[in-house]
Structure formats: C-alpha cells, structure tokens
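Engineer: Here it is, the structure in full.
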Amino acid sequence: MSEPNIFTQYMQKRNVIVKNKKILQSSYIPENLPHRMDKINEVVEIIAPSLNKDKPSNILIIGKTGTGKTAVMNYIGKELKKADPDQENCAFIYVNCEVVDTPYGILYNISNQIISEPSKKIPFTGWSLDKVFAELTEYIDKKNKIFIIVLDEIDRSFQKNGDDIFYYLTTINEVLQNSKVSVIGITNNAKFTEFLSPKIKSRLGEEKIIFPPYNVNQLKDILYERAKIAFDDGILEEDVIPYCAALSAQEMGDARRALDLLRMSADMAERNGDKKVTSAHVRSAKNKIELDAVSEVIKTLTIQSKTVLMSVIMNNEEGNEPMTTGDVYTKYKFICEVIGQSVLTQRRVAGLISELDMLGIVHARVKSFGRAGRTKEIELSTPKEIVNMIKNDDAFKDLYSYRPPKQTTIC
C-alpha cells in the first residue's frame with residue numbers, strides 16, 4: 001500500500017466511469033471507421049498494385065481538420081501490413097510533418113523506419129541534405145519493393161521550408177532502378193498545390209481525394225461506436241452524444257472535436273465524483289476546450305499583435321467600448337512608447353485588428369457615417385483568463401505602473 005500523498009484525496013474522490021480511455025482519444029484507430037469506407041476503398045484501389053510490386057499513383061488527400069484523413073491512412077497502413085506481413089512487396093511509412101517539419105528531419109524520420117542495420121543509420125544531424133538523400137535512395141533501391149510514404153500535414157513543412165522535400169520525394173523514382181516510391185500527401189488546405197512549382201504540383205497530386213466534413217448524424221454514429229467500448233450501459237445520459245455531435249457539427253463537422261468533447265465531459269464527471277455524464281459536463285468541457293484553443297492562439301501572436309490587443313483591453317477597461325480604430329491606434333502608440341517598440345502605421349494596425357477579429361479574439365464591425373466615411377467599431381470578445389494572460393505578458397509588465405516624465409518649465 002502506498003504512503004499518503006498529495007494525490008490521495010483526488011484518487012479517492014475520483015469515480016472511474018470510463019473503462020478504456022484510449023478509445024476516446026482521436027489518435028486511436030478503431031476496427032471500424034463509420035462513414036469512411038468509400039474513401040478507404042478509393043485509396044485502397046489506387047495503392048493495391050503495390051502488393052504486386054507495381055508503383056501506384058501519388059495521392060493528395062484534402063479535407064478539413066477532423067474529417068478522418070489521418071485515421072483512414074493509419075487504418076489502411078495496418079491493413080496493408082496484414083496483407084504483406086513480412087513487407088516483401090511493399091512498406092508503409094508515415095511521417096507527421098507537424099512534428100517533423102524540416103527536409104532533413106523528414107528524410108531522417110523516413111530512413112529510421114526503413115534502415116534496420118545500425119551501421120547504415122543516417123545521423124540525427126551533420127550531413128548535407130544531398131548526402132542524406134543519396135544514402136537513403138541507395139538503401140531503398142536494394143530492397144526491391146514499393147515504398148508508400150505518407151506525409152501528414154504537408155503544408156506545415158511547405159510553410160516553413162518551401163517545396164524542397166517534395167522535390168526530393170517526387171523525383172526519387174528517376175534515380176531508382178529496382179524499388180519505387182509512392183507519395184501520399186495529407187493537407188487541410190485546399191489551395192496548397194497552388195503554391196508549388198508546376199512540375200512538383202503535377203507529380204504530387206496525380207490523384208486527389210476529397211474528404212467532406214461529417215454531418216451531425218455521422219458524428220453521432222462515430223461517438224456511439226466509441227461509447228459502446230469505452231462506457232458501461234447507463235453511464236451516458238441520452239442527450240450527451242447528440243449534444244456533442246451537434247456542437248461539433250457547428251464547427252465544420254470535426255470528429256476530433258466531438259471525441260474531445262465526449263472525453264473531457266467524462267473526465268469532468270470523474271473528477272467531480274459523479275456516476276453519470278450529463279449535458280452539464282458537456283457544456284463545461286466545451287467552455288474549457290474553447291478557452292484552451294484561444295490560449296494557444298494567443299501564445300503564437302507576434303508582439304505587434306499583442307500590443308494591438310493590449311490597446312483594445314485598455315480601452316475596454318476605461319469604459320471605451322465599442323471603440324473605433326482611431327481609439328485603438330491612439331492607445332497603441334502610447335503602449336509602443338512605454339515599452340520601446342516601433343510604431344506601425346494606422347493602416348497596418350487596422351489589418352492586425354482584422355486578423356484578431358478572424359481569430360475570434362475581438363469583434364470588429366464596419367460602421368458607416370454616410371458622407372463622413374466609415375470606421376470599425378471594436379469590442380473585446382476574449383474571456384477574462386485570456387485578458388489576464390496578455391496583461392501578465394513580460395512585454396507589458398511595466399505598463400500599468402508607467403508615469404510620464406514631468407515637464408520642466410524654463411523661467
């Protein structure tokens with residue numbers, strides 16, 4: 001028996017109502033993927049020739065977040081390994097470019113999944129990209145099989161490094177004699193290929209597969225499938241899954257969000273020591289998820305965007321709401337003077353306000369005054385916790401204690 005510790009009271013209070021928590025994780029790949037068999041069949045039809053050592057077409061999979069793209073590809077990867085257990089004819093390689101986003105890192109990650117001999121391993125750093133590519137190509141060619149390389153979130157790598165990695169992977173077959181490589185790219189940006197060079201664009205997107213968002217009934221089916229395994233009967237009140245599905249359907253049919261809502265709702269019920277999950281738990285989970293999402297966005301804002309947001313906050317505290325772009329700009333210039341930051345033009349600040357509006361951090365609407373022109377009316381739409389996060393930012397630590405220097409008079 002363990003000694004009393006700070007976790008004891010929480011463990012005693014917690015009422016475990018989830019049989020298997022991993023079932024509710026978006027990363028879990030179930031045996032059945034509701035409403036995605038048509039997309040599974042599309043992909044399988046294209047890559048099936050790899051089992052006969054025939055190179056399949058490259059594929060570009062496009063769809064919004066939470067539409068099942070990653071789950072489908074990981075499911076197909078598992079099935080492909082069942083069809084070729086010893087990987088004599090084909091190998092399935094998966095790389096998440098959100099985690100590994102440099103050309104060197106991607107090639108290193110691919111090589112780690114392919115090269116088994118320690119002496120042949122590519123070092124974590126220190127080689128030129130051309131040398132890594134040459135070594136990997138030589139090793140692949142000796143295997144005499146088809147390599148299916150899945151690059152998830154490929155637009156993340158492009159945003160940071162351009163299309164170098166796509167050039168290497170789409171031209172690799174020109175130097176291979178025995179083996180062949182097929183690339184499957186996954187992106188939630190429908191316009192991703194517009195930024196690629198024409199040569200890479202035509203090679204990477206030989207075949208496109210579009211994943212549509214889930215509707216509310218499809219989301220309910222997905223949640224019911226998971227809930228059957230994760231919970232005992234009677235743990236979820238009847239309206240919990242329909243509520244989670246309805247909220248997620250409003251957010252562009254995101255199954256990942258629906259699962260997160262259900263998982264966090266159950267987690268909150270357990271923390272409270274409750275025996276059932278109710279719609280009240282779902283509402284609490286929704287508020288927490290939204291707060292966490294805004295927090296992540298705030299962390300990625302540039303110092304200029306934070307300063308504009310701080311200007312809105314200070315206007316709001318002074319009772320100046322709704323405020324105009326001019327009100328925000330006046331306060332913005334004051335803050336820049338205090339913290340020693342360069343001042344942008346009012347037009348650029350107006351652009352930053354529009355960006356904050358698109359992120360849902362402020363609410364800006366255009367108001368017309370007829371011949372007198374137009375302006376934006378701006379309101380703060382950020383939770384108190386986020387306001388405090390900005391106010392406590394190191395850049396603004398001396399802002400509220402600032403006192404302008406006294407003017408000296410000359411007699």
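Chain labels A, B, ... are given in the sequence in which chains occur in the structure tokens; within each chain residues are numbered consecutively from 1, and ligands are likewise numbered from 1 in the order shown.
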Pick out the residues sitting within 9 Å of Leu219 in chain A, and hand them over as a list in words; count only C-alpha atoms, and ignore anything fewer than 6 positions along from it in its own chain.

Structural biologist: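 Using only C-alpha atoms, the neighbours found are Pro34, Ile241, Pro242, Cys244, Ala245, Ala246, Ser248, Ala249, Gly253, Asp254, Ala255 and Ala258 of chain A.
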
Engineer: May I have the selected residues written with N, CA and C atoms, as a compact mmCIF listing (two decimals), in the first residue's frame?

Structural biologist:
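Output file result-v4.txt is given in full below:
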# COMPACT_ATOMS: atom_id res chain seq x y z
N PRO A 34 -16.76 4.46 -39.24
CA PRO A 34 -18.08 4.77 -39.82
C PRO A 34 -18.01 5.90 -40.85
N ILE A 241 -24.42 12.34 -26.22
CA ILE A 241 -23.83 12.15 -27.55
C ILE A 241 -24.49 13.06 -28.60
N PRO A 242 -25.82 13.18 -28.65
CA PRO A 242 -26.41 14.14 -29.60
C PRO A 242 -25.91 15.57 -29.38
N CYS A 244 -22.91 16.52 -28.04
CA CYS A 244 -21.52 16.58 -28.52
C CYS A 244 -21.49 16.65 -30.05
N ALA A 245 -22.33 15.85 -30.69
CA ALA A 245 -22.37 15.82 -32.16
C ALA A 245 -22.86 17.14 -32.72
N ALA A 246 -23.90 17.70 -32.10
CA ALA A 246 -24.47 18.96 -32.59
C ALA A 246 -23.46 20.10 -32.47
N SER A 248 -20.22 19.88 -32.45
CA SER A 248 -19.11 19.65 -33.38
C SER A 248 -19.53 19.86 -34.83
N ALA A 249 -20.79 19.55 -35.14
CA ALA A 249 -21.29 19.77 -36.49
C ALA A 249 -21.27 21.26 -36.82
N GLY A 253 -18.09 20.04 -38.83
CA GLY A 253 -18.14 18.58 -38.85
C GLY A 253 -16.85 17.92 -38.41
N ASP A 254 -16.26 18.41 -37.33
CA ASP A 254 -14.96 17.94 -36.86
C ASP A 254 -15.15 16.78 -35.88
N ALA A 255 -14.80 15.56 -36.31
CA ALA A 255 -14.94 14.37 -35.45
C ALA A 255 -13.96 14.42 -34.29
N ALA A 258 -15.54 16.38 -31.61
CA ALA A 258 -16.61 15.62 -30.97
C ALA A 258 -16.05 14.63 -29.96

Engineer: Might you pull out every residue within 12 Å of Ala134 in chain A, with only C-alpha atoms counted and same-chain residues fewer than 5 positions away left off, and present them as a PDB file with C-alpha atoms, in the first residue's frame?

Structural biologist:
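Just written: part-v3.pdb:
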ATOM      1  CA  LEU A 107      14.256  12.218 -44.621  1.00  0.00           C
ATOM      2  CA  SER A 111      15.216   6.428 -43.019  1.00  0.00           C
ATOM      3  CA  ILE A 122      21.651   8.211 -41.001  1.00  0.00           C
ATOM      4  CA  TRP A 127      25.118  15.549 -43.145  1.00  0.00           C
ATOM      5  CA  SER A 128      24.132  17.617 -46.142  1.00  0.00           C
ATOM      6  CA  LEU A 129      20.618  17.088 -47.470  1.00  0.00           C
ATOM      7  CA  TYR A 139      19.352   1.719 -49.396  1.00  0.00           C
ATOM      8  CA  ILE A 140      15.780   1.828 -50.736  1.00  0.00           C
ATOM      9  CA  ASP A 141      16.850   0.569 -54.152  1.00  0.00           C
ATOM     10  CA  TYR A 168      13.303  15.077 -53.476  1.00  0.00           C
ATOM     11  CA  LEU A 169      10.441  12.628 -52.951  1.00  0.00           C
ATOM     12  CA  ILE A 172      13.363   9.897 -56.371  1.00  0.00           C
ATOM     13  CA  VAL A 175      17.223   7.503 -59.861  1.00  0.00           C
ATOM     14  CA  LEU A 176      15.741   4.248 -58.505  1.00  0.00           C
TER      15      LEU A 176
END

Engineer: I want to know what sits within 12 Å of Arg283 in chain A, based on only C-alpha atoms, with residues of the same chain fewer than 2 positions away left out; could you give that as a PDB file with C-alpha atoms, in the first residue's frame?

Structural biologist:
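Contents of out.pdb, freshly written:
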ATOM      1  CA  ASP A 239     -28.666  13.674 -24.650  1.00  0.00           C
ATOM      2  CA  VAL A 240     -24.857  13.607 -24.182  1.00  0.00           C
ATOM      3  CA  TYR A 243     -25.219  17.301 -27.806  1.00  0.00           C
ATOM      4  CA  CYS A 244     -21.521  16.583 -28.524  1.00  0.00           C
ATOM      5  CA  LEU A 247     -21.766  21.233 -31.156  1.00  0.00           C
ATOM      6  CA  LEU A 261     -15.871  16.883 -26.021  1.00  0.00           C
ATOM      7  CA  LEU A 262     -17.006  13.398 -25.033  1.00  0.00           C
ATOM      8  CA  MET A 264     -13.391  15.749 -21.465  1.00  0.00           C
ATOM      9  CA  SER A 265     -17.036  15.520 -20.378  1.00  0.00           C
ATOM     10  CA  ALA A 266     -16.362  12.062 -18.934  1.00  0.00           C
ATOM     11  CA  MET A 268     -15.012  16.161 -15.613  1.00  0.00           C
ATOM     12  CA  ALA A 269     -17.652  13.752 -14.330  1.00  0.00           C
ATOM     13  CA  VAL A 277     -22.017  12.015 -17.706  1.00  0.00           C
ATOM     14  CA  THR A 278     -24.600  14.738 -18.323  1.00  0.00           C
ATOM     15  CA  SER A 279     -25.126  17.635 -20.730  1.00  0.00           C
ATOM     16  CA  ALA A 280     -23.841  19.932 -17.972  1.00  0.00           C
ATOM     17  CA  HIS A 281     -20.472  18.175 -18.197  1.00  0.00           C
ATOM     18  CA  ALA A 285     -15.980  20.692 -21.494  1.00  0.00           C
ATOM     19  CA  LYS A 286     -16.973  22.968 -24.399  1.00  0.00           C
ATOM     20  CA  ASN A 287     -16.012  26.081 -22.434  1.00  0.00           C
ATOM     21  CA  LYS A 288     -12.676  24.585 -21.422  1.00  0.00           C
ATOM     22  CA  ILE A 289     -11.795  23.471 -24.950  1.00  0.00           C
ATOM     23  CA  GLU A 290     -12.607  26.900 -26.353  1.00  0.00           C
TER      24      GLU A 290
END

Engineer: Check range 96-201 of chain A with DSSP on the backbone and list each residue it calls alpha helix (DSSP H), as a PyMOL selection string.

Structural biologist: chain A and resi 103-114+129-143+154-161+164-171+198-201

Engineer: Could you give me the residues within range 51-300 of chain A that DSSP places in strand (DSSP E or B), as a PyMOL selection string?

Structural biologist: chain A and resi 59-63+90-96+146-152+180-187+207-211+236+277

Engineer: Kindly provide the residues of range 57-90 of chain A that approach range 196-208 of chain A to within 6 Å, each paired with its closest atom pair and their distance in Å to one decimal, based on only C-alpha atoms, listed by chain and increasing number, as a tab-separated table.

Structural biologist:
residue	atom	partner	partner_atom	distance
A:Asn58	CA	A:Glu206	CA	5.4
A:Ile59	CA	A:Glu207	CA	4.8
A:Leu60	CA	A:Lys208	CA	4.8
A:Ile61	CA	A:Lys208	CA	5.9

Engineer: Got a sec: who's within 10 Å of Phe147 in chain A, counting only C-alpha atoms, leaving out chain neighbours fewer than 3 positions off, as a PyMOL selection string?

Structural biologist: chain A and resi 50+53+55-56+87+89-93+114+140+143-144+150+179-183

Engineer: For the residues in that selection, give me C-alpha atoms as a PDB file, in the first residue's frame.

Structural biologist:
ATOM      1  CA  SER A  50       1.944  -2.158 -54.597  1.00  0.00           C
ATOM      2  CA  LYS A  53       5.466  -4.527 -56.671  1.00  0.00           C
ATOM      3  CA  LYS A  55       4.116   1.543 -58.288  1.00  0.00           C
ATOM      4  CA  PRO A  56       0.767   3.236 -57.503  1.00  0.00           C
ATOM      5  CA  GLN A  87       6.878  -6.456 -46.130  1.00  0.00           C
ATOM      6  CA  ASN A  89       6.497  -6.371 -51.682  1.00  0.00           C
ATOM      7  CA  CYS A  90       5.690  -3.043 -50.088  1.00  0.00           C
ATOM      8  CA  ALA A  91       6.374  -0.926 -46.996  1.00  0.00           C
ATOM      9  CA  PHE A  92       4.135   1.714 -45.400  1.00  0.00           C
ATOM     10  CA  ILE A  93       5.907   4.768 -43.943  1.00  0.00           C
ATOM     11  CA  ILE A 114      13.360   1.781 -43.290  1.00  0.00           C
ATOM     12  CA  ILE A 140      15.780   1.828 -50.736  1.00  0.00           C
ATOM     13  CA  LYS A 143      15.163  -3.596 -51.133  1.00  0.00           C
ATOM     14  CA  ASN A 144      13.427  -4.104 -54.488  1.00  0.00           C
ATOM     15  CA  VAL A 150       2.551   9.222 -46.191  1.00  0.00           C
ATOM     16  CA  SER A 179      12.401  -0.092 -55.902  1.00  0.00           C
ATOM     17  CA  LYS A 180       9.796   2.641 -56.382  1.00  0.00           C
ATOM     18  CA  VAL A 181       8.307   5.290 -54.089  1.00  0.00           C
ATOM     19  CA  SER A 182       4.703   6.486 -53.981  1.00  0.00           C
ATOM     20  CA  VAL A 183       3.900   9.649 -52.003  1.00  0.00           C
TER      21      VAL A 183
END
